[in-house]
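A.B. asks: Provided below: coords.cif, containing mmCIF, C-alpha atoms and all ligand atoms.
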```
data_data
#
loop_
_atom_site.label_atom_id
_atom_site.label_comp_id
_atom_site.auth_asym_id
_atom_site.auth_seq_id
_atom_site.Cartn_x
_atom_site.Cartn_y
_atom_site.Cartn_z
CA MET A 1 91.19 121.60 62.11
CA ALA A 2 91.75 121.03 65.81
CA THR A 3 93.78 117.94 66.73
CA GLU A 4 91.59 115.14 68.02
CA TYR A 5 92.75 113.07 70.98
CA VAL A 6 91.60 109.69 72.30
CA ARG A 7 92.03 108.26 75.80
CA ARG A 8 94.75 105.62 76.00
CA PHE A 9 95.61 105.09 79.68
CA SER A 10 93.47 105.65 82.76
CA ARG A 11 94.80 107.40 85.84
CA THR A 12 95.12 104.01 87.57
CA GLU A 13 97.15 102.56 84.70
CA ARG A 14 99.46 105.57 84.60
CA THR A 15 99.97 105.55 88.37
CA LEU A 16 100.75 101.82 88.27
CA HIS A 17 103.26 102.33 85.46
CA TRP A 18 105.10 105.20 87.14
CA VAL A 19 105.10 103.56 90.59
CA HIS A 20 106.56 100.44 89.05
CA ALA A 21 109.09 102.40 86.96
CA SER A 22 110.28 104.61 89.88
CA ALA A 23 110.75 101.66 92.21
CA PHE A 24 112.49 99.74 89.46
CA PHE A 25 115.03 102.55 88.92
CA VAL A 26 115.83 102.81 92.65
CA LEU A 27 116.15 99.00 92.89
CA LEU A 28 118.35 98.92 89.80
CA GLY A 29 120.58 101.76 91.06
CA SER A 30 120.96 100.42 94.59
CA GLY A 31 121.32 96.84 93.25
CA LEU A 32 124.14 97.93 90.95
CA VAL A 33 125.95 99.64 93.84
CA LEU A 34 125.73 96.32 95.74
CA TYR A 35 126.83 94.34 92.69
CA VAL A 36 129.67 96.36 91.12
CA PRO A 37 132.68 96.53 93.51
CA LYS A 38 133.91 99.80 91.95
CA LEU A 39 130.51 101.43 92.61
CA SER A 40 130.40 100.01 96.15
CA GLU A 41 133.80 101.60 96.87
CA LEU A 42 132.76 104.87 95.28
CA VAL A 43 129.54 105.17 97.29
CA GLY A 44 131.16 103.65 100.34
CA ARG A 45 128.03 102.97 102.35
CA ARG A 46 127.12 99.42 101.41
CA PRO A 47 124.90 98.68 104.45
CA PHE A 48 122.94 101.86 103.78
CA MET A 49 122.48 101.00 100.10
CA LYS A 50 121.33 97.55 101.11
CA ASP A 51 118.68 99.08 103.37
CA VAL A 52 117.61 101.36 100.52
CA HIS A 53 117.31 98.28 98.28
CA VAL A 54 115.30 96.16 100.69
CA TYR A 55 112.96 98.94 101.91
CA THR A 56 112.33 100.10 98.33
CA ALA A 57 111.41 96.51 97.46
CA LEU A 58 108.88 96.45 100.30
CA ALA A 59 107.49 99.89 99.39
CA TRP A 60 107.25 98.81 95.74
CA LEU A 61 105.14 95.74 96.55
CA ALA A 62 102.96 97.68 99.00
CA ALA A 63 102.42 100.53 96.50
CA ILE A 64 101.36 98.14 93.74
CA VAL A 65 98.85 96.45 96.04
CA LEU A 66 97.57 99.88 97.12
CA VAL A 67 97.14 101.23 93.58
CA VAL A 68 95.24 98.09 92.56
CA ALA A 69 93.13 98.20 95.74
CA VAL A 70 92.00 101.83 95.43
CA GLY A 71 92.16 102.19 91.63
CA ASP A 72 89.90 101.27 88.75
CA ARG A 73 90.18 97.47 88.97
CA ARG A 74 87.62 96.79 86.27
CA GLY A 75 89.60 98.91 83.80
CA LEU A 76 92.82 97.14 84.80
CA ALA A 77 91.19 93.74 84.28
CA ARG A 78 90.06 94.84 80.80
CA THR A 79 93.59 96.00 79.95
CA LEU A 80 94.99 92.72 81.26
CA ARG A 81 92.69 90.77 78.95
CA GLU A 82 93.83 92.91 76.01
CA LEU A 83 97.48 92.29 76.89
CA ASP A 84 96.83 88.57 77.27
CA ARG A 85 95.09 87.99 73.92
CA PHE A 86 97.57 86.88 71.25
CA ASP A 87 95.99 86.48 67.81
CA GLU A 88 97.18 85.48 64.34
CA ASP A 89 97.98 89.11 63.41
CA ASP A 90 100.26 89.29 66.47
CA ARG A 91 102.11 86.13 65.49
CA VAL A 92 102.68 87.35 61.92
CA TRP A 93 103.60 90.83 63.17
CA LEU A 94 106.38 89.33 65.29
CA ARG A 95 107.76 87.25 62.43
CA ARG A 96 107.50 89.98 59.78
CA ARG A 97 107.57 93.20 61.69
CA TRP A 98 105.05 95.99 61.11
CA THR A 99 103.18 93.92 58.53
CA ARG A 100 99.85 93.42 60.29
CA PRO A 101 97.32 95.76 61.94
CA GLN A 102 97.58 95.76 65.72
CA GLY A 103 95.07 96.19 68.55
CA ARG A 104 95.42 98.52 71.52
CA PHE A 105 98.82 96.89 72.21
CA ASN A 106 101.15 95.50 69.58
CA ALA A 107 102.69 92.05 69.96
CA GLY A 108 105.98 93.48 71.22
CA GLN A 109 104.20 95.43 73.95
CA LYS A 110 102.27 92.32 74.96
CA LEU A 111 105.53 90.39 75.32
CA ASN A 112 107.11 93.27 77.23
CA ALA A 113 104.17 93.40 79.64
CA ALA A 114 104.24 89.61 80.21
CA LEU A 115 108.00 89.62 80.84
CA THR A 116 107.78 92.66 83.14
CA ALA A 117 105.10 90.95 85.26
CA ALA A 118 106.92 87.59 85.36
CA PHE A 119 110.21 89.30 86.24
CA ALA A 120 108.58 91.29 89.04
CA VAL A 121 107.45 88.03 90.66
CA LEU A 122 110.85 86.36 90.14
CA PHE A 123 112.71 89.42 91.48
CA ALA A 124 110.51 89.42 94.58
CA VAL A 125 110.90 85.66 95.17
CA SER A 126 114.67 85.58 94.64
CA GLY A 127 115.16 88.83 96.59
CA GLY A 128 113.02 87.48 99.42
CA LEU A 129 115.12 84.30 99.49
CA LEU A 130 118.36 86.34 99.57
CA TRP A 131 117.01 88.22 102.56
CA LEU A 132 115.80 85.08 104.35
CA GLY A 133 119.01 83.20 103.49
CA GLU A 134 121.05 85.69 105.49
CA ARG A 135 118.95 84.84 108.54
CA ASP A 136 118.37 81.12 108.13
CA THR A 137 120.64 78.74 106.20
CA ARG A 138 117.68 76.57 105.16
CA PHE A 139 116.73 79.34 102.68
CA ARG A 140 120.22 79.56 101.20
CA PHE A 141 120.46 78.23 97.62
CA ALA A 142 123.45 78.52 95.32
CA SER A 143 121.35 79.68 92.36
CA THR A 144 119.30 82.41 94.07
CA VAL A 145 121.81 85.17 93.49
CA LEU A 146 122.41 83.93 89.92
CA LEU A 147 118.69 84.24 89.22
CA HIS A 148 118.48 87.70 90.82
CA ASP A 149 121.51 88.94 88.86
CA GLY A 150 120.37 87.26 85.61
CA LEU A 151 116.99 89.00 85.86
CA MET A 152 118.81 92.30 86.30
CA TYR A 153 120.79 91.79 83.08
CA VAL A 154 117.77 90.81 80.99
CA SER A 155 115.68 93.67 82.47
CA LEU A 156 118.40 96.12 81.53
CA VAL A 157 118.22 95.06 77.87
CA LEU A 158 114.41 95.30 77.88
CA LEU A 159 114.57 98.71 79.54
CA VAL A 160 117.00 100.14 76.97
CA GLY A 161 114.68 99.01 74.16
CA HIS A 162 111.63 100.37 76.00
CA LEU A 163 113.24 103.77 76.63
CA TYR A 164 114.43 104.00 73.03
CA LEU A 165 110.90 103.46 71.71
CA ALA A 166 109.26 105.71 74.32
CA LEU A 167 111.70 108.64 74.23
CA ILE A 168 113.76 108.61 71.02
CA TYR A 169 112.29 106.67 68.08
CA PRO A 170 110.27 109.31 66.16
CA ALA A 171 107.38 107.04 65.06
CA THR A 172 106.60 105.72 68.56
CA ARG A 173 107.60 108.44 71.01
CA HIS A 174 104.18 110.10 70.79
CA ALA A 175 103.12 107.21 73.09
CA LEU A 176 104.72 109.14 75.99
CA ARG A 177 101.78 111.53 75.89
CA GLY A 178 99.47 108.58 76.56
CA MET A 179 101.48 107.52 79.62
CA THR A 180 101.73 111.08 81.02
CA LEU A 181 98.56 112.98 80.05
CA GLY A 182 96.49 109.88 79.24
CA THR A 183 95.57 110.76 75.66
CA VAL A 184 97.10 110.31 72.18
CA ARG A 185 96.30 111.77 68.76
CA ARG A 186 93.55 109.89 66.97
CA ASP A 187 95.48 109.70 63.68
CA TRP A 188 98.52 108.28 65.52
CA ALA A 189 96.34 105.65 67.20
CA GLU A 190 94.77 104.71 63.86
CA GLU A 191 98.16 104.35 62.24
CA HIS A 192 99.83 102.29 64.99
CA HIS A 193 96.88 100.45 66.50
CA ALA A 194 94.44 100.08 63.60
CA LYS A 195 92.30 97.40 65.29
CA TRP A 196 91.94 99.40 68.52
CA GLN A 197 88.63 101.18 69.01
CA PRO A 198 89.15 103.74 71.79
C1 LIG B 1 110.95 92.63 95.57
C2 LIG B 1 112.04 92.95 94.90
C3 LIG B 1 113.46 92.74 95.41
C4 LIG B 1 113.93 92.27 96.59
C5 LIG B 1 113.14 91.77 97.80
C6 LIG B 1 115.39 92.31 96.53
C7 LIG B 1 116.26 91.91 97.55
C8 LIG B 1 117.61 91.84 97.47
C9 LIG B 1 118.50 91.39 98.52
C10 LIG B 1 118.06 90.95 99.92
C11 LIG B 1 119.77 91.45 98.05
C12 LIG B 1 121.05 91.04 98.78
C13 LIG B 1 121.83 92.25 99.21
C14 LIG B 1 123.26 91.88 99.56
O1 LIG B 1 123.48 91.51 100.69
O2 LIG B 1 124.11 91.96 98.69
C15 LIG B 1 119.69 91.95 96.68
C16 LIG B 1 120.78 92.16 95.85
C17 LIG B 1 120.70 92.66 94.57
N1 LIG B 1 119.56 93.08 93.90
FE1 LIG B 1 117.66 92.93 94.59
N2 LIG B 1 115.76 92.80 95.29
C18 LIG B 1 114.60 93.09 94.59
C19 LIG B 1 114.53 93.62 93.30
C20 LIG B 1 115.61 93.94 92.52
C21 LIG B 1 115.53 94.56 91.22
C22 LIG B 1 114.23 94.99 90.52
C23 LIG B 1 116.83 94.67 90.76
C24 LIG B 1 117.37 95.24 89.47
C25 LIG B 1 116.66 95.71 88.48
C26 LIG B 1 117.71 94.12 91.76
C27 LIG B 1 119.09 94.03 91.68
C28 LIG B 1 119.92 93.52 92.65
C29 LIG B 1 121.36 93.37 92.49
C30 LIG B 1 122.17 93.73 91.23
C31 LIG B 1 121.84 92.84 93.70
C32 LIG B 1 123.29 92.48 94.05
C33 LIG B 1 123.45 91.00 93.95
C34 LIG B 1 124.88 90.53 94.16
O3 LIG B 1 125.52 90.98 95.11
O4 LIG B 1 125.31 89.72 93.34
N3 LIG B 1 116.93 93.69 92.83
N4 LIG B 1 118.35 92.19 96.35
C1 LIG B 2 111.55 106.88 82.16
C2 LIG B 2 111.16 105.63 82.08
C3 LIG B 2 109.99 105.12 81.28
C4 LIG B 2 109.29 105.71 80.25
C5 LIG B 2 109.51 107.08 79.62
C6 LIG B 2 108.25 104.78 79.86
C7 LIG B 2 107.30 105.01 78.87
C8 LIG B 2 106.25 104.18 78.56
C9 LIG B 2 105.20 104.50 77.63
C10 LIG B 2 105.10 105.79 76.83
C11 LIG B 2 104.34 103.45 77.59
C12 LIG B 2 103.05 103.35 76.78
C13 LIG B 2 103.23 102.72 75.46
C14 LIG B 2 101.88 102.61 74.79
O1 LIG B 2 101.34 103.64 74.32
O2 LIG B 2 101.31 101.52 74.76
C15 LIG B 2 104.85 102.44 78.51
C16 LIG B 2 104.28 101.21 78.72
C17 LIG B 2 104.86 100.23 79.50
N1 LIG B 2 105.98 100.36 80.30
FE1 LIG B 2 107.13 101.99 80.46
N2 LIG B 2 108.36 103.64 80.62
C18 LIG B 2 109.40 103.80 81.50
C19 LIG B 2 109.84 102.89 82.43
C20 LIG B 2 109.38 101.60 82.53
C21 LIG B 2 109.95 100.59 83.40
C22 LIG B 2 111.19 100.80 84.30
C23 LIG B 2 109.24 99.45 83.21
C24 LIG B 2 109.41 98.09 83.83
C25 LIG B 2 110.44 97.69 84.56
C26 LIG B 2 108.19 99.76 82.24
C27 LIG B 2 107.23 98.85 81.78
C28 LIG B 2 106.22 99.14 80.91
C29 LIG B 2 105.21 98.18 80.45
C30 LIG B 2 105.15 96.71 80.87
C31 LIG B 2 104.37 98.86 79.58
C32 LIG B 2 103.13 98.30 78.84
C33 LIG B 2 103.57 97.48 77.65
C34 LIG B 2 104.36 98.28 76.64
O3 LIG B 2 103.90 99.33 76.19
O4 LIG B 2 105.49 97.83 76.33
N3 LIG B 2 108.31 101.07 81.85
N4 LIG B 2 106.02 102.93 79.08
#
```
Just give me the structure as structure tokens.
C.D. replies:
Amino acid sequence: MATEYVRRFSRTERTLHWVHASAFFVLLGSGLVLYVPKLSELVGRRPFMKDVHVYTALAWLAAIVLVVAVGDRRGLARTLRELDRFDEDDRVWLRRRWTRPQGRFNAGQKLNAALTAAFAVLFAVSGGLLWLGERDTRFRFASTVLLHDGLMYVSLVLLVGHLYLALIYPATRHALRGMTLGTVRRDWAEEHHAKWQP
């Protein structure tokens, strides 16, 4: 019998994910060169890396606004509502893992999405303040760089977990097909997201 596939992510959702992910990797790489003295020495061009960091941040924000503006906003809003709804099954699933049927997103994915969105805002605010603080002392706060660096550490942990589940862990890595081609196997969807009706 031919394998049956169901649609998981729209073109808009996939574009948003990969725009966000690409910008994040450039910001992480250039941020680490600014942060780790050994890397700064190795690369040697700190002012250039700082420009890369700041312009990527601007391009990242602009690209997200653009994708939302020209993409399927209604679909995005529907996905947002799905990510935002936290029911009893989700709460039990988090306490006793894999024990309850999940919707289109499991409770871990919902938390990951909420943290990713909150961190994006906090990165932008703290990064913006770092930039302004260099130009005007009224915007200089002792904790801004602590927040920016702290977000980087926590994001790194989340990212390692995310990449492990998306690329390595056998039971979940089929999800990568959904984020690249847009579809996943129906039997996989039924097994991992029993309450989801594609
Ligand atoms: C809108 C987003 C962002 C903006 C506007 C921004 C802006 C900045 C600015 C202006 C600096 C100061 C550069 C310097 O003189 O050292 C900085 C440093 C840094 N950024 Fe960002 N950034 C953003 C996102 C990110 C992200 C997503 C990461 C990592 C995942 C990151 C990691 C870092 C690190 C590690 C440093 C070095 C801080 C230090 O020297 O202690 N940034 N950022
Ligand atoms: C090579 C890098 C990456 C790969 C291979 C990847 C893969 C994936 C896949 C396969 C999904 C869909 C999971 C599902 O079927 O529901 C997904 C969702 C998601 N990704 Fe990524 N991703 C990458 C980078 C990133 C980065 C850098 C971020 C944020 C900084 C991110 C944030 C998210 C979020 C918030 C979701 C939706 C919630 C979730 O599934 O956890 N991803 N990613």
A.B. asks: So for ligand LIG 2 (chain B), what box centre and size do we get, axis-aligned, 6 Å extra on each of the six sides, every listed atom, Å to one decimal, as JSON?
C.D. replies:
```
{"center_x": 106.4, "center_y": 101.9, "center_z": 79.4, "size_x": 22.2, "size_y": 22.4, "size_z": 22.2}
```
A.B. asks: Can you pull out every residue within 6 Å of segment 2-6 of chain A, counting all atoms listed in the file, but drop anything in the same chain fewer than 5 positions away, and send it as an NGL selection string?
C.D. replies: :A and (183-186)
A.B. asks: Could you tell me how far atom CA of Arg11 of chain A sits from atom C17 of ligand LIG 2 (chain B), in Å to one decimal place?
C.D. replies: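 Distance reported for this atom pair: 13.9 Å.
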A.B. asks: May I ask you to write as an mmCIF file with C-alpha atoms, keeping the file's coordinate frame all residues lying at most 8 Å from ligand LIG 2 (chain B), with only C-alpha atoms and all ligand atoms counted?
C.D. replies:
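Okay, this is what ended up in selection.cif:
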```
data_model
loop_
_atom_site.group_PDB
_atom_site.id
_atom_site.type_symbol
_atom_site.label_atom_id
_atom_site.label_comp_id
_atom_site.auth_asym_id
_atom_site.auth_seq_id
_atom_site.Cartn_x
_atom_site.Cartn_y
_atom_site.Cartn_z
ATOM 1 C CA ARG A 8 94.750 105.620 76.000
ATOM 2 C CA PHE A 9 95.610 105.090 79.680
ATOM 3 C CA HIS A 17 103.260 102.330 85.460
ATOM 4 C CA TRP A 18 105.100 105.200 87.140
ATOM 5 C CA HIS A 20 106.560 100.440 89.050
ATOM 6 C CA ALA A 21 109.090 102.400 86.960
ATOM 7 C CA SER A 22 110.280 104.610 89.880
ATOM 8 C CA ALA A 23 110.750 101.660 92.210
ATOM 9 C CA PHE A 24 112.490 99.740 89.460
ATOM 10 C CA PHE A 25 115.030 102.550 88.920
ATOM 11 C CA ARG A 104 95.420 98.520 71.520
ATOM 12 C CA PHE A 105 98.820 96.890 72.210
ATOM 13 C CA ASN A 106 101.150 95.500 69.580
ATOM 14 C CA GLY A 108 105.980 93.480 71.220
ATOM 15 C CA GLN A 109 104.200 95.430 73.950
ATOM 16 C CA LYS A 110 102.270 92.320 74.960
ATOM 17 C CA LEU A 111 105.530 90.390 75.320
ATOM 18 C CA ASN A 112 107.110 93.270 77.230
ATOM 19 C CA ALA A 113 104.170 93.400 79.640
ATOM 20 C CA ALA A 114 104.240 89.610 80.210
ATOM 21 C CA LEU A 115 108.000 89.620 80.840
ATOM 22 C CA THR A 116 107.780 92.660 83.140
ATOM 23 C CA ALA A 117 105.100 90.950 85.260
ATOM 24 C CA SER A 155 115.680 93.670 82.470
ATOM 25 C CA LEU A 159 114.570 98.710 79.540
ATOM 26 C CA HIS A 162 111.630 100.370 76.000
ATOM 27 C CA LEU A 163 113.240 103.770 76.630
ATOM 28 C CA ALA A 166 109.260 105.710 74.320
ATOM 29 C CA LEU A 167 111.700 108.640 74.230
ATOM 30 C CA ARG A 173 107.600 108.440 71.010
ATOM 31 C CA HIS A 174 104.180 110.100 70.790
ATOM 32 C CA ALA A 175 103.120 107.210 73.090
ATOM 33 C CA LEU A 176 104.720 109.140 75.990
ATOM 34 C CA ARG A 177 101.780 111.530 75.890
ATOM 35 C CA GLY A 178 99.470 108.580 76.560
ATOM 36 C CA MET A 179 101.480 107.520 79.620
ATOM 37 C CA THR A 180 101.730 111.080 81.020
#
```
A.B. asks: Neighbours of ligand LIG 1 (chain B) at 8 Å or closer, counting all atoms listed in the file: which residues, as a PyMOL selection string?
C.D. replies: chain A and resi 23-25+27-36+50+53-54+56-58+60-61+120-121+123-132+134+145-146+148-149+151-153+155-156
A.B. asks: To one decimal in Å, tell me the separation between atom CA of Leu80 of chain A and atom CA of Trp98 of chain A.
C.D. replies: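 Calculated distance between atom CA of Leu80 of chain A and atom CA of Trp98 of chain A is 22.8 Å.
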A.B. asks: Which value, in Å to one decimal, gives the distance between atom CA of Val26 of chain A and atom CA of Val154 of chain A?
C.D. replies: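 Value for the atom CA of Val26 of chain A-atom CA of Val154 of chain A distance: 16.8 Å.
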A.B. asks: Ranking A:Ser143, A:Gly75, A:Asp87, A:Asp51 by minimum distance to Gly103 of chain A and counting only C-alpha atoms, which one comes first?
C.D. replies: A:Asp87
A.B. asks: Using only C-alpha atoms, which residue out of A:Tyr55, A:Met49, A:Glu191, A:Thr12 lies closest to Arg73 of chain A?
C.D. replies: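 Counting only C-alpha atoms, the residue closest to Arg73 of chain A is A:Thr12.
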A.B. asks: Taking into account all atoms listed in the file, which residue in the set A:Phe139, A:Ala107, A:Asp187, A:His193 is nearest to Trp93 of chain A?
C.D. replies: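 For Trp93 of chain A, the nearest of the given residues is A:Ala107.
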